[in-house]
$ cat my_file-v9.cif   # mmCIF, C-alpha atoms (C1' of nucleotides)
data_run
loop_
_atom_site.label_atom_id
_atom_site.label_comp_id
_atom_site.auth_asym_id
_atom_site.auth_seq_id
_atom_site.Cartn_x
_atom_site.Cartn_y
_atom_site.Cartn_z
CA MET A 28 0.00 0.00 0.00
CA GLU A 29 1.28 3.32 -1.07
CA ARG A 30 1.21 6.05 1.48
CA CYS A 31 1.99 8.92 -0.83
CA ASP A 32 2.56 9.76 -4.45
CA TYR A 33 6.30 9.35 -4.17
CA ARG A 34 6.91 10.17 -7.79
CA ASP A 35 5.19 13.50 -7.33
CA MET A 36 7.12 14.11 -4.12
CA LEU A 37 10.40 13.55 -5.91
CA GLU A 38 9.56 15.93 -8.69
CA SER A 39 8.18 18.68 -6.50
CA ALA A 40 11.41 18.55 -4.52
CA GLY A 41 13.35 19.10 -7.73
CA VAL A 42 14.57 15.55 -8.14
CA GLU A 43 14.34 14.10 -11.63
CA TYR A 44 12.38 10.88 -11.62
CA THR A 45 14.18 7.60 -12.17
CA PRO A 46 12.96 4.12 -11.29
CA ASN A 47 15.87 3.69 -8.88
CA ARG A 48 15.14 6.89 -7.02
CA LEU A 49 11.49 6.01 -6.78
CA ALA A 50 12.33 2.53 -5.49
CA VAL A 51 14.55 3.89 -2.71
CA MET A 52 12.06 6.62 -1.85
CA LYS A 53 9.30 4.06 -1.54
CA ILE A 54 11.25 1.77 0.74
CA VAL A 55 12.22 4.58 3.09
CA GLY A 56 8.79 6.21 2.94
CA ASN A 57 6.75 3.08 3.49
CA SER A 58 8.89 1.73 6.29
CA ALA A 59 7.48 2.06 9.79
CA HIS A 60 10.98 2.65 11.17
CA PRO A 61 14.20 4.15 9.86
CA VAL A 62 16.13 1.71 7.68
CA SER A 63 19.82 1.19 7.01
CA ALA A 64 21.41 1.28 3.58
CA GLN A 65 22.11 -2.42 4.00
CA GLU A 66 18.43 -3.15 4.53
CA ILE A 67 17.54 -1.15 1.46
CA ILE A 68 20.12 -2.98 -0.61
CA GLN A 69 18.84 -6.28 0.65
CA ILE A 70 15.20 -5.45 -0.04
CA LEU A 71 16.09 -4.32 -3.53
CA SER A 72 18.16 -7.38 -4.24
CA GLY A 73 14.96 -9.37 -4.67
CA ALA A 74 12.97 -7.07 -6.90
CA ARG A 75 15.39 -5.07 -8.95
CA THR A 76 19.08 -5.18 -9.62
CA MET A 77 20.57 -2.00 -8.27
CA ASN A 78 24.18 -1.39 -7.44
CA LYS A 79 24.94 -0.44 -3.87
CA VAL A 80 26.79 2.65 -5.06
CA THR A 81 23.60 3.83 -6.70
CA VAL A 82 21.70 3.23 -3.50
CA TYR A 83 24.18 5.40 -1.59
CA ARG A 84 24.07 8.07 -4.26
CA VAL A 85 20.28 8.15 -4.28
CA LEU A 86 20.24 8.33 -0.49
CA ASP A 87 22.66 11.26 -0.55
CA LEU A 88 20.51 13.04 -3.08
CA LEU A 89 17.27 12.49 -1.20
CA VAL A 90 18.85 13.65 2.05
CA GLU A 91 20.20 16.74 0.35
CA LYS A 92 16.73 17.56 -0.98
CA GLY A 93 15.15 17.02 2.42
CA LEU A 94 12.97 14.14 1.26
CA ILE A 95 14.56 11.76 3.71
CA GLU A 96 16.52 12.19 6.90
CA ARG A 97 19.89 10.69 7.73
CA ILE A 98 20.11 9.59 11.35
CA SER A 99 23.32 8.45 12.96
CA SER A 100 23.30 5.42 15.20
CA ALA A 101 25.66 4.09 17.84
CA ASP A 102 27.16 1.53 15.46
CA ARG A 103 28.97 3.68 12.92
CA SER A 104 26.27 3.41 10.29
CA PHE A 105 23.24 5.44 9.35
CA ARG A 106 19.53 4.96 9.23
CA TYR A 107 17.20 6.74 6.86
CA GLY A 108 13.67 7.91 7.60
CA ALA A 109 11.05 10.19 6.12
CA GLY A 110 12.29 13.76 6.05
CA ARG A 111 10.95 17.27 6.53
CA ARG A 112 9.66 17.46 2.96
CA ALA A 113 7.70 14.32 3.65
CA SER A 114 5.80 16.31 6.29
CA ARG A 115 7.66 14.64 9.11
CA LYS A 116 8.12 16.72 12.27
CA PRO A 117 11.45 16.46 14.09
CA HIS A 118 11.41 13.69 16.65
CA PRO A 119 13.86 11.64 18.71
CA HIS A 120 14.85 8.07 17.90
CA PHE A 121 15.49 4.97 19.88
CA PHE A 122 18.37 2.73 18.91
CA CYS A 123 18.73 -0.81 20.20
CA THR A 124 22.42 -1.49 20.71
CA GLN A 125 21.75 -5.24 20.72
CA CYS A 126 19.97 -5.75 17.41
CA GLY A 127 20.55 -2.44 15.62
CA HIS A 128 16.87 -1.69 15.27
CA MET A 129 15.89 1.96 15.25
CA GLU A 130 12.48 3.41 15.82
CA CYS A 131 10.89 6.82 16.05
CA LEU A 132 9.83 8.22 19.39
CA ASP A 133 7.02 10.56 20.17
CA PRO A 134 8.17 14.17 20.37
CA ALA A 135 6.18 14.56 23.60
CA GLY A 136 8.40 14.79 26.63
CA LEU A 137 10.91 16.45 24.41
CA LYS A 138 10.95 20.16 24.98
CA LEU A 139 13.75 21.47 22.86
CA ASP A 140 14.20 25.20 23.02
CA TRP A 141 15.69 25.47 19.57
CA GLN A 142 15.54 29.25 19.71
CA ALA A 143 17.60 29.50 22.89
CA LEU A 144 19.98 26.92 21.48
CA GLU A 145 20.66 28.82 18.30
CA GLU A 146 21.05 32.10 20.13
CA SER A 147 23.41 30.70 22.71
CA PHE A 148 25.53 29.05 20.09
CA PRO A 149 28.13 30.82 17.98
CA GLY A 150 27.69 29.02 14.67
CA ALA A 151 25.16 27.83 12.11
CA VAL A 152 22.82 25.06 13.17
CA ASP A 153 21.67 22.58 10.53
CA LYS A 154 19.87 19.99 12.59
CA VAL A 155 19.44 18.54 16.03
CA GLU A 156 19.61 14.82 16.59
CA ILE A 157 18.29 13.19 19.71
CA ARG A 158 18.93 9.51 20.14
CA VAL A 159 18.07 7.22 23.00
CA ASP A 160 20.32 4.16 23.17
CA GLY A 161 19.31 1.01 24.98
CA THR A 162 17.79 -2.42 24.55
CA CYS A 163 14.47 -2.93 22.84
CA ARG A 164 11.58 -5.01 24.16
CA ASN A 165 12.38 -7.91 21.84
CA CYS A 166 15.99 -8.16 22.92
CA LEU A 167 15.05 -7.79 26.59
CA ASP A 168 12.63 -10.70 26.26
CA ARG A 169 15.12 -12.85 24.41
CA GLU A 170 17.68 -12.13 27.12
CA LYS A 171 15.23 -13.16 29.81
CA ASP A 172 14.59 -16.51 28.11
CA ARG A 173 18.20 -17.56 28.43
CA MET B 8 48.21 21.39 34.55
CA GLU B 9 46.38 18.50 36.00
CA ARG B 10 42.72 18.96 36.67
CA CYS B 11 42.23 15.83 38.71
CA ASP B 12 44.08 12.94 40.21
CA TYR B 13 43.47 10.72 37.24
CA ARG B 14 45.33 7.81 38.71
CA ASP B 15 43.06 7.86 41.70
CA MET B 16 40.02 8.18 39.48
CA LEU B 17 41.03 5.09 37.54
CA GLU B 18 41.52 3.03 40.64
CA SER B 19 38.37 4.13 42.39
CA ALA B 20 36.45 3.13 39.26
CA GLY B 21 37.96 -0.33 39.51
CA VAL B 22 40.46 0.07 36.67
CA GLU B 23 43.95 -1.23 37.33
CA TYR B 24 46.52 1.47 36.77
CA THR B 25 48.81 1.28 33.79
CA PRO B 26 50.80 4.09 32.21
CA ASN B 27 48.83 3.68 28.98
CA ARG B 28 45.48 3.96 30.69
CA LEU B 29 46.59 6.99 32.62
CA ALA B 30 47.91 8.63 29.47
CA VAL B 31 44.60 8.19 27.63
CA MET B 32 42.61 9.24 30.67
CA LYS B 33 44.67 12.42 30.95
CA ILE B 34 44.24 13.38 27.34
CA VAL B 35 40.49 12.95 27.43
CA GLY B 36 40.13 14.52 30.85
CA ASN B 37 42.26 17.56 30.21
CA SER B 38 40.81 18.34 26.81
CA ALA B 39 38.39 21.24 26.66
CA HIS B 40 36.34 19.42 24.04
CA PRO B 41 35.63 15.79 23.16
CA VAL B 42 38.46 14.21 21.19
CA SER B 43 38.58 11.49 18.55
CA ALA B 44 40.64 8.31 18.82
CA GLN B 45 42.73 9.65 15.95
CA GLU B 46 43.57 12.80 17.89
CA ILE B 47 44.54 10.73 20.91
CA ILE B 48 46.75 8.50 18.81
CA GLN B 49 48.37 11.52 17.24
CA ILE B 50 48.97 13.26 20.56
CA LEU B 51 50.49 10.10 21.97
CA SER B 52 52.70 9.54 18.95
CA GLY B 53 54.95 12.32 20.19
CA ALA B 54 55.34 11.37 23.83
CA ARG B 55 54.98 7.64 24.09
CA THR B 56 54.82 4.76 21.71
CA MET B 57 51.42 3.21 22.06
CA ASN B 58 49.72 0.98 19.58
CA LYS B 59 46.40 2.18 18.21
CA VAL B 60 44.77 -1.09 19.22
CA THR B 61 45.73 -0.38 22.80
CA VAL B 62 44.25 3.09 22.53
CA TYR B 63 40.96 1.62 21.34
CA ARG B 64 41.02 -1.01 24.04
CA VAL B 65 41.69 1.53 26.75
CA LEU B 66 38.91 3.75 25.42
CA ASP B 67 36.49 0.82 25.48
CA LEU B 68 37.46 0.04 29.04
CA LEU B 69 37.13 3.62 30.26
CA VAL B 70 33.75 3.98 28.57
CA GLU B 71 32.58 0.74 30.13
CA LYS B 72 33.62 1.99 33.56
CA GLY B 73 31.89 5.31 33.03
CA LEU B 74 35.08 7.32 33.29
CA ILE B 75 34.68 8.69 29.82
CA GLU B 76 31.77 9.07 27.48
CA ARG B 77 31.57 7.87 23.86
CA ILE B 78 29.73 10.33 21.66
CA SER B 79 28.75 9.58 18.10
CA SER B 80 29.24 12.20 15.45
CA ALA B 81 27.86 12.73 11.97
CA ASP B 82 31.00 11.38 10.32
CA ARG B 83 30.96 7.73 11.33
CA SER B 84 33.53 8.10 14.07
CA PHE B 85 33.38 8.75 17.78
CA ARG B 86 34.50 11.43 20.14
CA TYR B 87 35.40 10.86 23.76
CA GLY B 88 34.75 13.23 26.64
CA ALA B 89 34.74 13.18 30.41
CA GLY B 90 32.10 10.79 31.70
CA ARG B 91 29.63 10.52 34.54
CA ARG B 92 32.25 9.21 36.96
CA ALA B 93 34.31 12.27 36.17
CA SER B 94 31.45 14.30 37.67
CA ARG B 95 30.22 15.41 34.28
CA LYS B 96 26.50 16.07 33.99
CA PRO B 97 24.75 14.98 30.78
CA HIS B 98 24.85 17.72 28.18
CA PRO B 99 24.35 18.13 24.44
CA HIS B 100 27.16 18.49 21.93
CA PHE B 101 27.77 20.54 18.88
CA PHE B 102 29.42 18.91 15.90
CA CYS B 103 30.86 20.93 13.02
CA THR B 104 30.26 18.99 9.83
CA GLN B 105 32.94 21.04 8.08
CA CYS B 106 35.97 20.50 10.30
CA GLY B 107 34.84 17.65 12.54
CA HIS B 108 35.30 19.63 15.71
CA MET B 109 33.01 18.77 18.58
CA GLU B 110 32.25 20.82 21.63
CA CYS B 111 30.06 20.61 24.68
CA LEU B 112 26.95 22.74 24.96
CA ASP B 113 25.32 24.16 28.00
CA PRO B 114 22.38 22.02 29.12
CA ALA B 115 20.24 25.16 29.39
CA GLY B 116 17.82 25.60 26.51
CA LEU B 117 17.50 21.86 26.31
CA LYS B 118 14.63 20.73 28.44
CA LEU B 119 14.55 17.01 28.00
CA ASP B 120 11.92 15.25 29.99
CA TRP B 121 13.97 12.12 30.50
CA GLN B 122 11.42 10.73 32.92
CA ALA B 123 8.55 10.94 30.44
CA LEU B 124 10.81 9.54 27.78
CA GLU B 125 11.74 6.46 29.77
CA GLU B 126 8.16 5.87 30.82
CA SER B 127 6.76 6.18 27.33
CA PHE B 128 9.30 3.77 25.98
CA PRO B 129 9.02 -0.02 26.09
CA GLY B 130 12.65 -1.02 26.63
CA ALA B 131 15.75 -0.35 28.69
CA VAL B 132 17.37 3.05 28.27
CA ASP B 133 21.15 3.30 28.62
CA LYS B 134 21.80 6.85 27.55
CA VAL B 135 20.43 9.79 25.66
CA GLU B 136 22.55 11.59 23.12
CA ILE B 137 21.72 15.05 21.89
CA ARG B 138 23.81 16.41 19.06
CA VAL B 139 23.52 19.67 17.20
CA ASP B 140 25.06 19.53 13.74
CA GLY B 141 26.14 22.61 11.86
CA THR B 142 29.08 24.84 11.05
CA CYS B 143 31.28 26.31 13.74
CA ARG B 144 32.33 29.95 14.02
CA ASN B 145 35.78 29.24 12.61
CA CYS B 146 34.49 27.50 9.52
CA LEU B 147 31.84 30.19 8.98
CA ASP B 148 34.51 32.88 9.07
CA ARG B 149 36.80 30.99 6.75
CA GLU B 150 33.91 30.56 4.34
CA LYS B 151 33.17 34.28 4.41
CA ASP B 152 36.77 35.12 3.50
CA ARG B 153 36.53 33.31 0.21
"C1'" DA C 4 62.12 -18.48 40.86
"C1'" DC C 5 57.87 -20.09 38.91
"C1'" DA C 6 53.23 -20.24 37.19
"C1'" DT C 7 49.31 -17.53 35.97
"C1'" DC C 8 46.72 -13.97 34.24
"C1'" DA C 9 46.32 -9.43 32.34
"C1'" DA C 10 48.14 -5.80 29.19
"C1'" DT C 11 50.34 -4.67 24.91
"C1'" DG C 12 51.95 -4.98 20.12
"C1'" DC C 13 51.61 -6.34 15.37
"C1'" DA C 14 49.42 -7.89 11.20
"C1'" DA C 15 45.60 -8.95 9.06
"C1'" DC C 16 40.81 -8.23 8.84
"C1'" DT C 17 35.91 -6.00 8.65
"C1'" DG C 18 32.26 -3.37 6.90
"C1'" DA C 19 29.97 0.94 5.78
"C1'" DG C 20 30.56 4.16 2.79
"C1'" DT C 21 33.45 6.51 -1.34
"C1'" DT C 22 36.13 7.31 -5.52
"C1'" DT C 23 37.31 6.50 -10.23
"C1'" DC C 24 36.28 5.57 -14.47
"C1'" DA C 25 33.72 3.23 -18.03
"C1'" DT C 26 29.02 2.45 -19.99
"C1'" DA C 27 24.08 3.26 -20.56
"C1'" DA C 28 20.22 6.16 -20.69
"C1'" DT C 29 17.98 10.48 -21.24
"C1'" DA C 30 17.28 15.19 -22.96
"C1'" DG C 31 18.11 19.07 -26.15
"C1'" DA C 32 19.85 20.82 -30.38
"C1'" DC C 33 19.78 20.55 -35.16
"C1'" DG D 23 14.76 11.26 -36.64
"C1'" DT D 24 19.76 11.55 -35.67
"C1'" DC D 25 23.58 13.51 -33.05
"C1'" DT D 26 25.60 15.34 -29.17
"C1'" DA D 27 25.88 16.51 -24.28
"C1'" DT D 28 24.46 15.70 -19.81
"C1'" DT D 29 23.08 12.80 -16.29
"C1'" DA D 30 22.39 8.26 -14.08
"C1'" DT D 31 24.17 3.72 -13.30
"C1'" DG D 32 27.42 -0.07 -12.78
"C1'" DA D 33 31.76 -2.42 -11.45
"C1'" DA D 34 36.10 -2.62 -9.16
"C1'" DA D 35 39.10 -0.80 -6.28
"C1'" DC D 36 39.73 2.02 -2.44
"C1'" DT D 37 39.32 4.45 2.33
"C1'" DC D 38 39.18 4.71 7.01
"C1'" DA D 39 37.66 3.91 11.80
"C1'" DG D 40 37.50 0.40 14.38
"C1'" DT D 41 38.29 -5.14 15.41
"C1'" DT D 42 40.15 -9.75 15.82
"C1'" DG D 43 43.62 -13.29 16.43
"C1'" DC D 44 47.57 -14.44 18.16
"C1'" DA D 45 52.15 -13.94 19.87
"C1'" DT D 46 54.85 -11.39 23.38
"C1'" DT D 47 55.62 -8.81 27.38
"C1'" DG D 48 54.84 -7.58 31.96
"C1'" DA D 49 52.82 -7.78 36.43
"C1'" DT D 50 50.98 -10.62 40.56
"C1'" DG D 51 50.72 -14.02 43.79
"C1'" DT D 52 52.70 -18.25 45.77
#

$ encode --input "my_file-v9.cif" --output "structure tokens"
Amino acid sequence: MERCDYRDMLESAGVEYTPNRLAVMKIVGNSAHPVSAQEIIQILSGARTMNKVTVYRVLDLLVEKGLIERISSADRSFRYGAGRRASRKPHPHFFCTQCGHMECLDPAGLKLDWQALEESFPGAVDKVEIRVDGTCRNCLDREKDR
Amino acid sequence: MERCDYRDMLESAGVEYTPNRLAVMKIVGNSAHPVSAQEIIQILSGARTMNKVTVYRVLDLLVEKGLIERISSADRSFRYGAGRRASRKPHPHFFCTQCGHMECLDPAGLKLDWQALEESFPGAVDKVEIRVDGTCRNCLDREKDR
DNA sequence: ACATCAATGCAACTGAGTTTCATAATAGAC
DNA sequence: GTCTATTATGAAACTCAGTTGCATTGATGT
């Protein structure tokens, strides 16, 4: 099930349509949680042949255009989720250090005084990343079983 | 100038003293901003011969014992700063995506309702990382000159 | 002194992401 | 329509922070 007209989203963000770009955009957009480049490559390996370099290049492009968001994790790799242009409000993320799963958290409980931050800081601010590291429910349960 | 008795700090955190561990602890502890493993290796290359593997192993150990804090950056590498056991309160960091410099921010302006966050989340929380990405004063000025 | 265990060094490895350069596809010019 | 110039893609080799395996050194306790 499509959630959006991804092709239209690409073009209105000034990104020329290509099947590869659409494919990556769909995977990131339709995923309930931020995905890694590896996951994307793996998902694509079934349907379409697409070089990993192209995946990385498409991801870079989509991030640059604000269609998706690049989120750093605690394991030296990135996750990608729907971005500002995909009408996604900024929100924190949870990262499970056991299984590498990332998920989005509710922005409630998160009172970030962006204004005060920018004013107090001598430099240009691009983005703020808030990440909670820990162990997810699944991994906790699996641990308990042992 | 020493800021603390690092040797004592090591031992009271349950870390056997070795010259290598003290050397790393000093560099991280005396630095005004979080440092990368590369910086540590480079600083040490002058004074003492110390294998990079040992540096990484010491860093892992000190992080595990809470003496230093591992902070992820936007460039797939880590920075290390004084940790909880070094009487450092949690605080956000700024990361310059141009030069890779990281610095500590004042916790003011960041009202993070940690309590609500933990309660709303179904899993175990180890730590919360808040990172502001952007361009530092230095890099902004250098840019302007061109 | 001897045995034991931890700390260190060295070389080779890993894995996510990048660079280089060749080829294929697309878009404009004519 | 064909020709040319971008632009997108593919393939192989590379980079770079961090790891692993294993041998060596050093400390600790008896």

$ residues_around --input "my_file-v9.cif" --residues "range 47-64 of chain B" --least-positions-apart "5" --cutoff "9 Å" --atoms "only C-alpha atoms (C1' of nucleotides)" --output "PyMOL selection string"
(chain B and resi 27-28+30-31+34-35+42+69) or (chain C and resi 10-13) or (chain D and resi 40-41)

$ resolve_selection --input "my_file-v9.cif" --expression "the PyMOL selection byres ((chain A) within 9 of (chain C))" --output "PDB file with C-alpha atoms, keeping the file's coordinate frame"
ATOM      1  CA  ALA A  64      21.410   1.280   3.580  1.00  0.00           C
ATOM      2  CA  GLN A  65      22.110  -2.420   4.000  1.00  0.00           C
ATOM      3  CA  VAL A  80      26.790   2.650  -5.060  1.00  0.00           C
ATOM      4  CA  TYR A  83      24.180   5.400  -1.590  1.00  0.00           C
ATOM      5  CA  ARG A 103      28.970   3.680  12.920  1.00  0.00           C
ATOM      6  CA  SER A 104      26.270   3.410  10.290  1.00  0.00           C
ATOM      7  CA  PHE A 105      23.240   5.440   9.350  1.00  0.00           C
TER       8      PHE A 105
END

$ atom_distance --input "my_file-v9.cif" --atom1 "CA of Asp67 in chain B" --atom2 "CA of Met129 in chain A"
23.0 Å

$ closest_atom_pairs --input "my_file-v9.cif" --of "chain D" --to "chain B" --cutoff "12 Å" --atoms "all atoms listed in the file" --output "CSV"
residue,atom,partner,partner_atom,distance
D:DC38,C1',B:Ser84,CA,9.7
D:DA39,C1',B:Ser84,CA,6.3
D:DG40,C1',B:Tyr63,CA,7.9
D:DT41,C1',B:Val60,CA,8.5
D:DT42,C1',B:Val60,CA,10.4
D:DG48,C1',B:Thr25,CA,10.9
D:DA49,C1',B:Thr25,CA,10.3

$ resolve_selection --input "my_file-v9.cif" --expression "the PyMOL selection byres ((chain A) within 9 of (chain B))" --output "MDAnalysis selection string"
chainID A and resid 98:105 121 123 132:133 135:144 147:167

$ write_last_selection --input "my_file-v9.cif" --atoms "C-alpha atoms" --output "PDB file, in the coordinates of the input"
ATOM      1  CA  ILE A  98      20.110   9.590  11.350  1.00  0.00           C
ATOM      2  CA  SER A  99      23.320   8.450  12.960  1.00  0.00           C
ATOM      3  CA  SER A 100      23.300   5.420  15.200  1.00  0.00           C
ATOM      4  CA  ALA A 101      25.660   4.090  17.840  1.00  0.00           C
ATOM      5  CA  ASP A 102      27.160   1.530  15.460  1.00  0.00           C
ATOM      6  CA  ARG A 103      28.970   3.680  12.920  1.00  0.00           C
ATOM      7  CA  SER A 104      26.270   3.410  10.290  1.00  0.00           C
ATOM      8  CA  PHE A 105      23.240   5.440   9.350  1.00  0.00           C
ATOM      9  CA  PHE A 121      15.490   4.970  19.880  1.00  0.00           C
ATOM     10  CA  CYS A 123      18.730  -0.810  20.200  1.00  0.00           C
ATOM     11  CA  LEU A 132       9.830   8.220  19.390  1.00  0.00           C
ATOM     12  CA  ASP A 133       7.020  10.560  20.170  1.00  0.00           C
ATOM     13  CA  ALA A 135       6.180  14.560  23.600  1.00  0.00           C
ATOM     14  CA  GLY A 136       8.400  14.790  26.630  1.00  0.00           C
ATOM     15  CA  LEU A 137      10.910  16.450  24.410  1.00  0.00           C
ATOM     16  CA  LYS A 138      10.950  20.160  24.980  1.00  0.00           C
ATOM     17  CA  LEU A 139      13.750  21.470  22.860  1.00  0.00           C
ATOM     18  CA  ASP A 140      14.200  25.200  23.020  1.00  0.00           C
ATOM     19  CA  TRP A 141      15.690  25.470  19.570  1.00  0.00           C
ATOM     20  CA  GLN A 142      15.540  29.250  19.710  1.00  0.00           C
ATOM     21  CA  ALA A 143      17.600  29.500  22.890  1.00  0.00           C
ATOM     22  CA  LEU A 144      19.980  26.920  21.480  1.00  0.00           C
ATOM     23  CA  SER A 147      23.410  30.700  22.710  1.00  0.00           C
ATOM     24  CA  PHE A 148      25.530  29.050  20.090  1.00  0.00           C
ATOM     25  CA  PRO A 149      28.130  30.820  17.980  1.00  0.00           C
ATOM     26  CA  GLY A 150      27.690  29.020  14.670  1.00  0.00           C
ATOM     27  CA  ALA A 151      25.160  27.830  12.110  1.00  0.00           C
ATOM     28  CA  VAL A 152      22.820  25.060  13.170  1.00  0.00           C
ATOM     29  CA  ASP A 153      21.670  22.580  10.530  1.00  0.00           C
ATOM     30  CA  LYS A 154      19.870  19.990  12.590  1.00  0.00           C
ATOM     31  CA  VAL A 155      19.440  18.540  16.030  1.00  0.00           C
ATOM     32  CA  GLU A 156      19.610  14.820  16.590  1.00  0.00           C
ATOM     33  CA  ILE A 157      18.290  13.190  19.710  1.00  0.00           C
ATOM     34  CA  ARG A 158      18.930   9.510  20.140  1.00  0.00           C
ATOM     35  CA  VAL A 159      18.070   7.220  23.000  1.00  0.00           C
ATOM     36  CA  ASP A 160      20.320   4.160  23.170  1.00  0.00           C
ATOM     37  CA  GLY A 161      19.310   1.010  24.980  1.00  0.00           C
ATOM     38  CA  THR A 162      17.790  -2.420  24.550  1.00  0.00           C
ATOM     39  CA  CYS A 163      14.470  -2.930  22.840  1.00  0.00           C
ATOM     40  CA  ARG A 164      11.580  -5.010  24.160  1.00  0.00           C
ATOM     41  CA  ASN A 165      12.380  -7.910  21.840  1.00  0.00           C
ATOM     42  CA  CYS A 166      15.990  -8.160  22.920  1.00  0.00           C
ATOM     43  CA  LEU A 167      15.050  -7.790  26.590  1.00  0.00           C
TER      44      LEU A 167
END

$ residues_around --input "my_file-v9.cif" --residues "range 88-98 of chain B" --least-positions-apart "3" --cutoff "6 Å" --atoms "only C-alpha atoms (C1' of nucleotides)" --output "list in words"
Val35, Gly36, Pro41, Gly73, Leu74, Ile75, Glu76 and Pro114 of chain B

$ atom_distance --input "my_file-v9.cif" --atom1 "CA of Val42 in chain A" --atom2 "CA of Lys92 in chain A"
7.7 Å

$ decode --input "my_file-v9.cif" --residues "range 53-67 of chain B" --atoms "N, CA and C atoms" --output "mmCIF file, in the first residue's frame"
data_model
loop_
_atom_site.group_PDB
_atom_site.id
_atom_site.type_symbol
_atom_site.label_atom_id
_atom_site.label_comp_id
_atom_site.auth_asym_id
_atom_site.auth_seq_id
_atom_site.Cartn_x
_atom_site.Cartn_y
_atom_site.Cartn_z
ATOM 1 N N GLY B 53 53.778 11.545 19.816
ATOM 2 C CA GLY B 53 54.946 12.318 20.195
ATOM 3 C C GLY B 53 55.592 11.779 21.453
ATOM 4 N N ALA B 54 54.801 11.663 22.500
ATOM 5 C CA ALA B 54 55.335 11.371 23.831
ATOM 6 C C ALA B 54 55.732 9.909 24.024
ATOM 7 N N ARG B 55 54.824 9.031 23.679
ATOM 8 C CA ARG B 55 54.981 7.644 24.094
ATOM 9 C C ARG B 55 54.633 6.790 22.887
ATOM 10 N N THR B 56 55.239 5.643 22.781
ATOM 11 C CA THR B 56 54.820 4.757 21.707
ATOM 12 C C THR B 56 53.704 3.887 22.252
ATOM 13 N N MET B 57 52.585 3.949 21.583
ATOM 14 C CA MET B 57 51.419 3.210 22.057
ATOM 15 C C MET B 57 50.628 2.790 20.843
ATOM 16 N N ASN B 58 50.427 1.516 20.729
ATOM 17 C CA ASN B 58 49.724 0.976 19.577
ATOM 18 C C ASN B 58 48.280 1.454 19.548
ATOM 19 N N LYS B 59 47.770 1.660 18.321
ATOM 20 C CA LYS B 59 46.401 2.177 18.214
ATOM 21 C C LYS B 59 45.392 1.192 18.783
ATOM 22 N N VAL B 60 45.683 -0.098 18.654
ATOM 23 C CA VAL B 60 44.766 -1.093 19.222
ATOM 24 C C VAL B 60 44.646 -0.905 20.722
ATOM 25 N N THR B 61 45.754 -0.614 21.351
ATOM 26 C CA THR B 61 45.729 -0.382 22.795
ATOM 27 C C THR B 61 44.902 0.856 23.109
ATOM 28 N N VAL B 62 45.047 1.883 22.314
ATOM 29 C CA VAL B 62 44.250 3.092 22.528
ATOM 30 C C VAL B 62 42.769 2.737 22.482
ATOM 31 N N TYR B 63 42.364 1.999 21.456
ATOM 32 C CA TYR B 63 40.957 1.625 21.344
ATOM 33 C C TYR B 63 40.513 0.757 22.515
ATOM 34 N N ARG B 64 41.401 -0.137 22.922
ATOM 35 C CA ARG B 64 41.019 -1.012 24.036
ATOM 36 C C ARG B 64 40.878 -0.222 25.332
ATOM 37 N N VAL B 65 41.780 0.713 25.544
ATOM 38 C CA VAL B 65 41.694 1.532 26.753
ATOM 39 C C VAL B 65 40.422 2.376 26.703
ATOM 40 N N LEU B 66 40.130 2.938 25.541
ATOM 41 C CA LEU B 66 38.909 3.749 25.419
ATOM 42 C C LEU B 66 37.673 2.911 25.744
ATOM 43 N N ASP B 67 37.628 1.699 25.190
ATOM 44 C CA ASP B 67 36.488 0.817 25.481
ATOM 45 C C ASP B 67 36.341 0.595 26.979
#
